[in-house]
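S.K.: One structure coming up, written as structure tokens, with questions to follow.
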Amino acid sequence: MKILVPVKRVIDPYVNIRVKSDQSGVETENVKMSMNPFCEIAVEEAIRLKEAGKAEEIIAVSIGNQSCQETIRTALAMGADRGIHVLTEEKIEPISIAKILSKICEQESPGLVISGKQAIDGDNNQTGQMLAALTDMPQGTFASKIEIESDKVKVTREIDGGLQTVSLNMPAIITTDLRLNEPRYASLPNIMKAKKKPIDQKSPEDYGIDVTPRVNILKVIEPPKREAGIKVENISELVEKLKNEAGVI
Amino acid sequence: MTTLFFIEHANGQLSDQSLKAITATSQIDGDVHGLIVGSNIDSAVAEASKIEGLSKLIHVDDDNFNNIMAENLTQLIMNISEDYEYFLAAATTTGKNVMPRLAAKLDVSQISEIIAIEGPDTFIRTIYAGNAIATVQTSDPKKVLTVRPTAFKAAAMGSSECEISKIDAENMPSISEFIGEELTKSDRPELTSAKTIISGGRGMQNGENFELLDKVAEKLGAAVGASRAAVDAGFVPNDYQVGQTGKVVAPELYIAVGISGAIQHLAGMKDSKVIVAINKDEEAPIFDVADYGLVADLFQVLPELEQAL
């Protein structure tokens, strides 16, 4: 079985976000970029399934500008086998990403697609579900546990208030939540080895997908700043303020 | 122009998250129809039919919907999608699971977790976990939206019921199956819907010490959360995590205890109405966003706080 893992390049989660002064978006020039943390979890899970003998090949896919090659290399260094880079300079939306991925699924016929539940830039949380719709595959979103049982996959999902378990016919799409695993760091020898692994370069046109945005970003602003309040001396003053000034207890 | 809003319920009660999110529909012109699914849910149906602003409630009385599978619910909505221009649900784990699948079936973009409606095709939402706010305009003919419940006030209940229509669930795909659910048993509210949250960070030193927070939470009827540092250190499970990669919350009162205030934590709680920080390091960044700061040893003041409540 093949596992397809889409990976996204995003601003590193530990970098302070700066909104551009012309309100056109967020500053991404000269900012440290990393693989989206939820995508790292997806790559890790695919590798663990391969290590457990449940999968033969892991294909990492990234869609975006030339730098996305680095993100694919990271996945290859962790243990993915080969990469597909769909090169585009366009600001690409989840529906278009899902369409390209559905074409890749047609060509590669993976048994599972494991993706992050959301990217920490757009916070959309859509691509996996959309890919499932376009391929008519079942979906196991927000996964904290994945168990393959012959031609089905049992997915434990993180839902509001607890856990839910579903059984999906394969092929299926799974999106990862935080508790699924702790991603490994790539070792130096594996980083060297990853340089020799193949990355296929494609374009959206190769898949016949029009990636023209449907959602226009009119402006991006900073959230209202919170002003620091006051310091209280002790618990009794705190409780008094919360009761009488803030009225929240 | 008609809007379809998916209403969630559990144990005979309407979801508080749905009741808040449905308020967003009042800013869209035209009729609003509710959709509620499941069998033996008479009390929830009766309650939902009284939500102010609804002109019709569609009830799918079917055992298949006692547990919601995205594959089935998407097909169900597709069966009636021609009648609607707007499709909304609360940004719960169910809403987030279903609405993007629906949008792709309709070949439109989906707009996630809106916090305001600016116009018929223009919406406001947060990106980068709330570190930036985007105004977006869609050119798609149909709009599929999830709504962040914390951004809206719960809908009022009218005195009379609206029209209730029953439809059947046809053409259900059988590609997925519900196995079971394990809901956290707690007398306390869930993090995402709690009015008060008390969270601990690395300063708690270990998992046992979270009991100090539990005791205060009990007095306040609060939920207990944690910073990523506390989760990474193994003090508490990951589902406690408030922050960019955990849960985004906006309670009336958020008490941060022994939390320094890393960006990634602030991103998950800075929309709280009132923030209290308790930390022994007076330079901690958490004090920059706190309405009330107390520089103190948490092990001394948490028992005092419990006593004082």
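Residue numbers start at 1 in each chain; chains themselves are named A, B, ... in the order of the structure tokens; ligands are numbered from 1 in the order shown.
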Give as an mmCIF file with C-alpha atoms, in the first residue's frame every residue of chain B that touches chain A within 6 Å, counting only C-alpha atoms.
M.R.:
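Result file is iface-v2.cif:
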```cif
data_model
loop_
_atom_site.group_PDB
_atom_site.id
_atom_site.type_symbol
_atom_site.label_atom_id
_atom_site.label_comp_id
_atom_site.auth_asym_id
_atom_site.auth_seq_id
_atom_site.Cartn_x
_atom_site.Cartn_y
_atom_site.Cartn_z
ATOM 1 C CA THR B 93 -15.632 19.340 15.554
ATOM 2 C CA PRO B 100 -15.628 21.430 3.920
ATOM 3 C CA ARG B 101 -16.847 18.100 2.524
ATOM 4 C CA ALA B 104 -16.181 20.505 -2.191
ATOM 5 C CA LYS B 105 -19.289 18.577 -3.300
ATOM 6 C CA SER B 109 -14.629 27.330 -1.317
ATOM 7 C CA SER B 112 -13.934 28.761 8.169
ATOM 8 C CA ILE B 127 -5.900 33.634 10.632
ATOM 9 C CA TYR B 128 -2.596 32.658 12.244
ATOM 10 C CA ALA B 132 -4.230 38.546 12.223
ATOM 11 C CA ILE B 133 -7.789 39.295 11.165
ATOM 12 C CA ALA B 134 -8.751 38.912 7.516
ATOM 13 C CA THR B 135 -11.714 40.347 5.638
ATOM 14 C CA VAL B 136 -12.501 38.008 2.771
ATOM 15 C CA GLN B 137 -14.912 38.164 -0.147
ATOM 16 C CA THR B 138 -16.050 35.097 -2.018
ATOM 17 C CA SER B 139 -17.082 34.969 -5.658
ATOM 18 C CA ILE B 175 -18.345 3.749 3.276
ATOM 19 C CA SER B 176 -17.919 4.527 6.955
ATOM 20 C CA GLU B 177 -19.278 3.233 10.199
ATOM 21 C CA PHE B 178 -19.627 4.656 13.692
ATOM 22 C CA ILE B 179 -17.981 2.400 16.280
ATOM 23 C CA GLY B 180 -18.188 4.247 19.558
ATOM 24 C CA GLU B 181 -17.680 7.332 21.610
ATOM 25 C CA GLU B 182 -15.832 7.904 24.828
ATOM 26 C CA LEU B 183 -16.826 11.248 26.248
ATOM 27 C CA THR B 184 -14.726 12.701 29.015
ATOM 28 C CA ASP B 288 1.193 42.259 29.284
ATOM 29 C CA VAL B 289 -2.212 40.860 28.374
ATOM 30 C CA ALA B 290 -3.620 40.361 31.879
ATOM 31 C CA ASP B 291 -6.294 42.639 33.308
ATOM 32 C CA TYR B 292 -5.309 41.578 36.809
ATOM 33 C CA GLY B 293 -1.819 40.352 37.600
ATOM 34 C CA LEU B 294 -0.642 38.836 40.854
ATOM 35 C CA LEU B 305 -7.943 31.541 46.216
#
```
S.K.: Quick one: of A:Ser34, A:Asn181, A:Ser21, A:Asn244, who's nearest to Ala75 of chain A, counting only C-alpha atoms?
M.R.: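 Nearest to Ala75 of chain A: A:Ser34.
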S.K.: Enumerate the residues of segment 68-230 of chain B with a DSSP assignment of helix (DSSP H, G or I), computed from the backbone, and present them as a PyMOL selection string.
M.R.: chain B and resi 70-79+81-83+93-105+128-130+149-151+202-204+210-220+228-230
S.K.: For the residues in the current selection, export N, CA and C atoms as a short mmCIF file (atom, residue, chain, number, x, y, z; two decimals), in the first residue's frame.
M.R.:
```cif
data_model
loop_
_atom_site.label_atom_id
_atom_site.label_comp_id
_atom_site.auth_asym_id
_atom_site.auth_seq_id
_atom_site.Cartn_x
_atom_site.Cartn_y
_atom_site.Cartn_z
N ALA B 70 -19.72 12.30 8.67
CA ALA B 70 -19.62 13.38 7.67
C ALA B 70 -20.13 12.93 6.31
N GLU B 71 -19.83 11.66 5.96
CA GLU B 71 -20.20 11.14 4.64
C GLU B 71 -21.72 11.19 4.46
N ASN B 72 -22.45 10.77 5.52
CA ASN B 72 -23.91 10.73 5.43
C ASN B 72 -24.54 12.11 5.49
N LEU B 73 -24.05 12.93 6.43
CA LEU B 73 -24.66 14.25 6.58
C LEU B 73 -24.42 15.11 5.33
N THR B 74 -23.25 14.97 4.73
CA THR B 74 -22.97 15.72 3.51
C THR B 74 -23.95 15.32 2.41
N GLN B 75 -24.16 14.01 2.25
CA GLN B 75 -25.09 13.54 1.22
C GLN B 75 -26.50 14.06 1.49
N LEU B 76 -26.88 14.02 2.76
CA LEU B 76 -28.21 14.49 3.15
C LEU B 76 -28.41 15.95 2.75
N ILE B 77 -27.41 16.78 3.03
CA ILE B 77 -27.54 18.21 2.70
C ILE B 77 -27.49 18.40 1.18
N MET B 78 -26.66 17.59 0.50
CA MET B 78 -26.61 17.68 -0.97
C MET B 78 -27.99 17.39 -1.58
N ASN B 79 -28.75 16.48 -0.95
CA ASN B 79 -30.07 16.13 -1.49
C ASN B 79 -31.01 17.33 -1.53
N SER B 81 -29.73 20.66 -1.44
CA SER B 81 -28.88 21.84 -1.57
C SER B 81 -29.38 22.86 -2.60
N GLU B 82 -30.18 22.39 -3.57
CA GLU B 82 -30.65 23.33 -4.60
C GLU B 82 -31.49 24.46 -4.04
N ASP B 83 -32.13 24.19 -2.91
CA ASP B 83 -33.03 25.19 -2.31
C ASP B 83 -32.29 26.29 -1.56
N THR B 93 -16.32 20.40 16.29
CA THR B 93 -15.63 19.34 15.55
C THR B 93 -16.57 18.72 14.51
N THR B 94 -17.88 18.75 14.76
CA THR B 94 -18.81 18.23 13.75
C THR B 94 -18.90 19.18 12.56
N GLY B 95 -19.08 20.46 12.84
CA GLY B 95 -19.17 21.46 11.77
C GLY B 95 -17.93 21.47 10.90
N LYS B 96 -16.76 21.40 11.56
CA LYS B 96 -15.50 21.43 10.82
C LYS B 96 -15.30 20.15 10.00
N ASN B 97 -15.90 19.07 10.47
CA ASN B 97 -15.76 17.80 9.77
C ASN B 97 -16.63 17.78 8.50
N VAL B 98 -17.82 18.35 8.62
CA VAL B 98 -18.82 18.20 7.55
C VAL B 98 -18.76 19.32 6.50
N MET B 99 -18.64 20.57 6.93
CA MET B 99 -18.84 21.68 6.00
C MET B 99 -17.83 21.74 4.84
N PRO B 100 -16.55 21.43 5.07
CA PRO B 100 -15.63 21.43 3.92
C PRO B 100 -15.98 20.32 2.92
N ARG B 101 -16.44 19.20 3.43
CA ARG B 101 -16.85 18.10 2.52
C ARG B 101 -18.02 18.56 1.67
N LEU B 102 -18.97 19.24 2.31
CA LEU B 102 -20.13 19.78 1.59
C LEU B 102 -19.67 20.79 0.53
N ALA B 103 -18.77 21.71 0.93
CA ALA B 103 -18.32 22.76 0.00
C ALA B 103 -17.69 22.14 -1.24
N ALA B 104 -16.84 21.13 -1.04
CA ALA B 104 -16.18 20.51 -2.19
C ALA B 104 -17.20 19.82 -3.10
N LYS B 105 -18.23 19.21 -2.50
CA LYS B 105 -19.29 18.58 -3.30
C LYS B 105 -20.04 19.63 -4.12
N TYR B 128 -3.77 32.75 11.36
CA TYR B 128 -2.60 32.66 12.24
C TYR B 128 -3.04 32.63 13.72
N ALA B 129 -4.02 31.78 14.00
CA ALA B 129 -4.53 31.60 15.36
C ALA B 129 -4.88 32.91 16.05
N GLY B 130 -5.44 33.83 15.29
CA GLY B 130 -5.90 35.08 15.90
C GLY B 130 -4.86 36.17 15.91
N PRO B 149 -18.45 30.19 17.53
CA PRO B 149 -19.54 30.50 18.47
C PRO B 149 -19.20 31.62 19.45
N THR B 150 -17.93 31.73 19.86
CA THR B 150 -17.59 32.73 20.87
C THR B 150 -17.79 34.15 20.35
N ALA B 151 -17.96 34.31 19.03
CA ALA B 151 -18.11 35.66 18.47
C ALA B 151 -19.56 36.14 18.46
N ARG B 202 4.06 25.43 32.98
CA ARG B 202 5.21 24.69 33.48
C ARG B 202 5.45 24.95 34.97
N GLY B 203 5.04 26.14 35.42
CA GLY B 203 5.19 26.51 36.82
C GLY B 203 4.46 25.58 37.79
N MET B 204 3.54 24.75 37.28
CA MET B 204 2.83 23.81 38.16
C MET B 204 3.75 22.69 38.63
N PHE B 210 -1.75 19.81 39.55
CA PHE B 210 -2.94 20.33 38.87
C PHE B 210 -4.19 20.20 39.74
N GLU B 211 -4.09 19.35 40.78
CA GLU B 211 -5.20 19.23 41.72
C GLU B 211 -5.53 20.57 42.38
N LEU B 212 -4.49 21.38 42.55
CA LEU B 212 -4.72 22.72 43.12
C LEU B 212 -5.64 23.54 42.21
N LEU B 213 -5.46 23.35 40.89
CA LEU B 213 -6.31 24.06 39.93
C LEU B 213 -7.72 23.45 39.93
N ASP B 214 -7.76 22.11 40.03
CA ASP B 214 -9.06 21.42 40.06
C ASP B 214 -9.94 21.95 41.18
N LYS B 215 -9.31 22.16 42.33
CA LYS B 215 -10.09 22.61 43.50
C LYS B 215 -10.67 24.00 43.27
N VAL B 216 -9.88 24.88 42.68
CA VAL B 216 -10.38 26.22 42.38
C VAL B 216 -11.47 26.13 41.31
N ALA B 217 -11.22 25.28 40.30
CA ALA B 217 -12.17 25.11 39.20
C ALA B 217 -13.53 24.65 39.73
N GLU B 218 -13.48 23.76 40.72
CA GLU B 218 -14.71 23.25 41.29
C GLU B 218 -15.55 24.40 41.88
N LYS B 219 -14.87 25.28 42.58
CA LYS B 219 -15.57 26.42 43.20
C LYS B 219 -16.16 27.36 42.14
N LEU B 220 -15.45 27.50 41.04
CA LEU B 220 -15.85 28.48 40.02
C LEU B 220 -16.72 27.86 38.93
N ARG B 228 1.05 24.63 26.36
CA ARG B 228 1.73 23.55 25.64
C ARG B 228 2.93 23.05 26.45
N ALA B 229 3.60 23.98 27.16
CA ALA B 229 4.76 23.58 27.97
C ALA B 229 4.37 22.53 29.00
N ALA B 230 3.20 22.72 29.62
CA ALA B 230 2.74 21.76 30.63
C ALA B 230 2.37 20.43 29.99
#
```
S.K.: Which is closer to Ile22 of chain B than all the others in B:Asn64, B:Thr146, B:Thr192, B:Asn206, using only C-alpha atoms?
M.R.: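 Selected residue with least distance to Ile22 of chain B: B:Thr146.
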S.K.: Report, in Å with one decimal, the straight-line distance from atom CA of Glu252 of chain B to atom CA of Lys270 of chain B.
M.R.: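 Separation between atom CA of Glu252 of chain B and atom CA of Lys270 of chain B: 11.2 Å.
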S.K.: Neighbouring residues of Ser272 of chain B were defined as those with any atom within 9 Å, considering only C-alpha atoms; residues of the same chain fewer than 5 positions away were excluded. Please report them as a list in words.
M.R.: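 Listing them by chain and then by number gives Val249, Ala250, Pro251, Glu252, Leu253 and Tyr254 of chain B.
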S.K.: With DSSP run on the backbone, what are the strand (DSSP E) residues within segment 72-122 of chain B? I'd like them as an NGL selection string.
M.R.: :B and (86-90 or 110-119 or 122)
S.K.: Within 6 Å of segment 7-13 of chain B, counting only C-alpha atoms, which residues show up once you throw out same-chain ones fewer than 3 positions away? Write them as a ChimeraX atom specification, please.
M.R.: /B:18,35-36,43-44
S.K.: Please, could you write that set of residues out with N, CA and C atoms as an mmCIF file, in the first residue's frame?
M.R.:
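Below is the file result-v4.cif, written as the result:
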```cif
data_model
loop_
_atom_site.group_PDB
_atom_site.id
_atom_site.type_symbol
_atom_site.label_atom_id
_atom_site.label_comp_id
_atom_site.auth_asym_id
_atom_site.auth_seq_id
_atom_site.Cartn_x
_atom_site.Cartn_y
_atom_site.Cartn_z
ATOM 1 N N SER B 18 -24.219 25.803 18.811
ATOM 2 C CA SER B 18 -25.122 26.041 17.678
ATOM 3 C C SER B 18 -25.991 27.268 17.936
ATOM 4 N N LEU B 35 -31.736 22.655 10.292
ATOM 5 C CA LEU B 35 -31.703 21.217 10.010
ATOM 6 C C LEU B 35 -31.287 20.518 11.288
ATOM 7 N N ILE B 36 -32.094 19.563 11.717
ATOM 8 C CA ILE B 36 -31.748 18.805 12.923
ATOM 9 C C ILE B 36 -31.930 17.325 12.608
ATOM 10 N N SER B 43 -37.777 16.375 22.216
ATOM 11 C CA SER B 43 -37.608 17.588 23.014
ATOM 12 C C SER B 43 -36.652 18.566 22.336
ATOM 13 N N ALA B 44 -35.584 18.045 21.708
ATOM 14 C CA ALA B 44 -34.643 18.927 21.003
ATOM 15 C C ALA B 44 -35.318 19.562 19.789
#
```
S.K.: Would you please work out which residue, of A:Pro204, A:Pro183, A:Pro198, A:Pro189, is nearest to Ile59 of chain A when using only C-alpha atoms?
M.R.: A:Pro198
S.K.: Between atom CA of Lys243 of chain A and atom CA of Leu309 of chain B, what is the distance in Å, rounded to a tenth?
M.R.: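 One can read the atom CA of Lys243 of chain A to atom CA of Leu309 of chain B distance as 10.1 Å.
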S.K.: Residues within 12 Å of Leu49 of chain A, please, as a list in words. Count only C-alpha atoms; anything in the same chain fewer than 5 positions from it doesn't count.
M.R.: Met1, Lys2, Ile3, Ala42, Val43, Glu44, Lys54, Ala55, Glu56, Glu57, Ile58, Gly79, Ala80, Gly111, Leu112, Ile114, Lys145, Ile146, Glu147, Ile148, Val153 and Asn181 of chain A
S.K.: Just N, CA and C atoms for this one: save the residues we selected as a PDB file, in the first residue's frame.
M.R.:
```
ATOM      1  N   MET A   1       0.835  -1.211   0.000  1.00  0.00           N
ATOM      2  CA  MET A   1       0.000   0.000   0.000  1.00  0.00           C
ATOM      3  C   MET A   1       0.870   1.261   0.000  1.00  0.00           C
ATOM      4  N   LYS A   2       0.396   2.246  -0.779  1.00  0.00           N
ATOM      5  CA  LYS A   2       1.062   3.548  -0.757  1.00  0.00           C
ATOM      6  C   LYS A   2       0.332   4.469   0.221  1.00  0.00           C
ATOM      7  N   ILE A   3       1.085   5.357   0.829  1.00  0.00           N
ATOM      8  CA  ILE A   3       0.465   6.420   1.633  1.00  0.00           C
ATOM      9  C   ILE A   3       0.890   7.760   1.042  1.00  0.00           C
ATOM     10  N   ALA A  42       1.598  13.964  10.406  1.00  0.00           N
ATOM     11  CA  ALA A  42       1.117  13.090   9.322  1.00  0.00           C
ATOM     12  C   ALA A  42       2.266  12.277   8.727  1.00  0.00           C
ATOM     13  N   VAL A  43       3.406  12.944   8.497  1.00  0.00           N
ATOM     14  CA  VAL A  43       4.571  12.236   7.946  1.00  0.00           C
ATOM     15  C   VAL A  43       5.007  11.148   8.932  1.00  0.00           C
ATOM     16  N   GLU A  44       5.086  11.516  10.204  1.00  0.00           N
ATOM     17  CA  GLU A  44       5.514  10.562  11.239  1.00  0.00           C
ATOM     18  C   GLU A  44       4.599   9.329  11.259  1.00  0.00           C
ATOM     19  N   LYS A  54       2.808  -2.071   7.365  1.00  0.00           N
ATOM     20  CA  LYS A  54       1.452  -1.854   6.820  1.00  0.00           C
ATOM     21  C   LYS A  54       1.474  -1.071   5.513  1.00  0.00           C
ATOM     22  N   ALA A  55       2.606  -0.478   5.190  1.00  0.00           N
ATOM     23  CA  ALA A  55       2.696   0.306   3.951  1.00  0.00           C
ATOM     24  C   ALA A  55       4.051   0.079   3.311  1.00  0.00           C
ATOM     25  N   GLU A  56       4.085   0.212   1.979  1.00  0.00           N
ATOM     26  CA  GLU A  56       5.350   0.011   1.257  1.00  0.00           C
ATOM     27  C   GLU A  56       6.022   1.323   0.892  1.00  0.00           C
ATOM     28  N   GLU A  57       5.204   2.294   0.525  1.00  0.00           N
ATOM     29  CA  GLU A  57       5.804   3.524  -0.001  1.00  0.00           C
ATOM     30  C   GLU A  57       5.082   4.761   0.514  1.00  0.00           C
ATOM     31  N   ILE A  58       5.877   5.773   0.855  1.00  0.00           N
ATOM     32  CA  ILE A  58       5.297   7.041   1.323  1.00  0.00           C
ATOM     33  C   ILE A  58       5.667   8.140   0.331  1.00  0.00           C
ATOM     34  N   GLY A  79      11.721  10.187   6.475  1.00  0.00           N
ATOM     35  CA  GLY A  79      11.541   8.788   6.072  1.00  0.00           C
ATOM     36  C   GLY A  79      10.588   8.547   4.915  1.00  0.00           C
ATOM     37  N   ALA A  80      10.037   9.623   4.329  1.00  0.00           N
ATOM     38  CA  ALA A  80       9.208   9.432   3.138  1.00  0.00           C
ATOM     39  C   ALA A  80      10.113   8.959   1.993  1.00  0.00           C
ATOM     40  N   GLY A 111      -3.545   3.862  -0.627  1.00  0.00           N
ATOM     41  CA  GLY A 111      -4.518   3.208   0.258  1.00  0.00           C
ATOM     42  C   GLY A 111      -4.976   4.170   1.337  1.00  0.00           C
ATOM     43  N   LEU A 112      -4.086   5.087   1.699  1.00  0.00           N
ATOM     44  CA  LEU A 112      -4.418   6.111   2.696  1.00  0.00           C
ATOM     45  C   LEU A 112      -3.812   7.437   2.259  1.00  0.00           C
ATOM     46  N   ILE A 114      -2.781  10.711   4.441  1.00  0.00           N
ATOM     47  CA  ILE A 114      -2.732  11.260   5.804  1.00  0.00           C
ATOM     48  C   ILE A 114      -2.267  12.708   5.693  1.00  0.00           C
ATOM     49  N   LYS A 145      -5.577   8.239  16.863  1.00  0.00           N
ATOM     50  CA  LYS A 145      -5.120   6.853  16.778  1.00  0.00           C
ATOM     51  C   LYS A 145      -5.587   6.250  15.446  1.00  0.00           C
ATOM     52  N   ILE A 146      -4.705   5.506  14.809  1.00  0.00           N
ATOM     53  CA  ILE A 146      -5.025   4.893  13.519  1.00  0.00           C
ATOM     54  C   ILE A 146      -4.669   3.412  13.589  1.00  0.00           C
ATOM     55  N   GLU A 147      -5.639   2.531  13.297  1.00  0.00           N
ATOM     56  CA  GLU A 147      -5.356   1.093  13.277  1.00  0.00           C
ATOM     57  C   GLU A 147      -5.882   0.507  11.967  1.00  0.00           C
ATOM     58  N   ILE A 148      -4.975  -0.118  11.215  1.00  0.00           N
ATOM     59  CA  ILE A 148      -5.398  -0.736   9.957  1.00  0.00           C
ATOM     60  C   ILE A 148      -5.851  -2.160  10.234  1.00  0.00           C
ATOM     61  N   VAL A 153      -9.884   0.885   8.013  1.00  0.00           N
ATOM     62  CA  VAL A 153      -9.013   1.560   8.959  1.00  0.00           C
ATOM     63  C   VAL A 153      -9.884   2.127  10.079  1.00  0.00           C
ATOM     64  N   ASN A 181       0.898  11.378  17.546  1.00  0.00           N
ATOM     65  CA  ASN A 181       2.272  10.918  17.775  1.00  0.00           C
ATOM     66  C   ASN A 181       3.173  12.108  18.057  1.00  0.00           C
TER      67      ASN A 181
END
```
S.K.: Counting only C-alpha atoms, which of B:Ser260, B:Ser39, B:Thr23, B:Thr126 gets nearest to Val248 of chain B?
M.R.: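 Closest candidate: B:Thr126.
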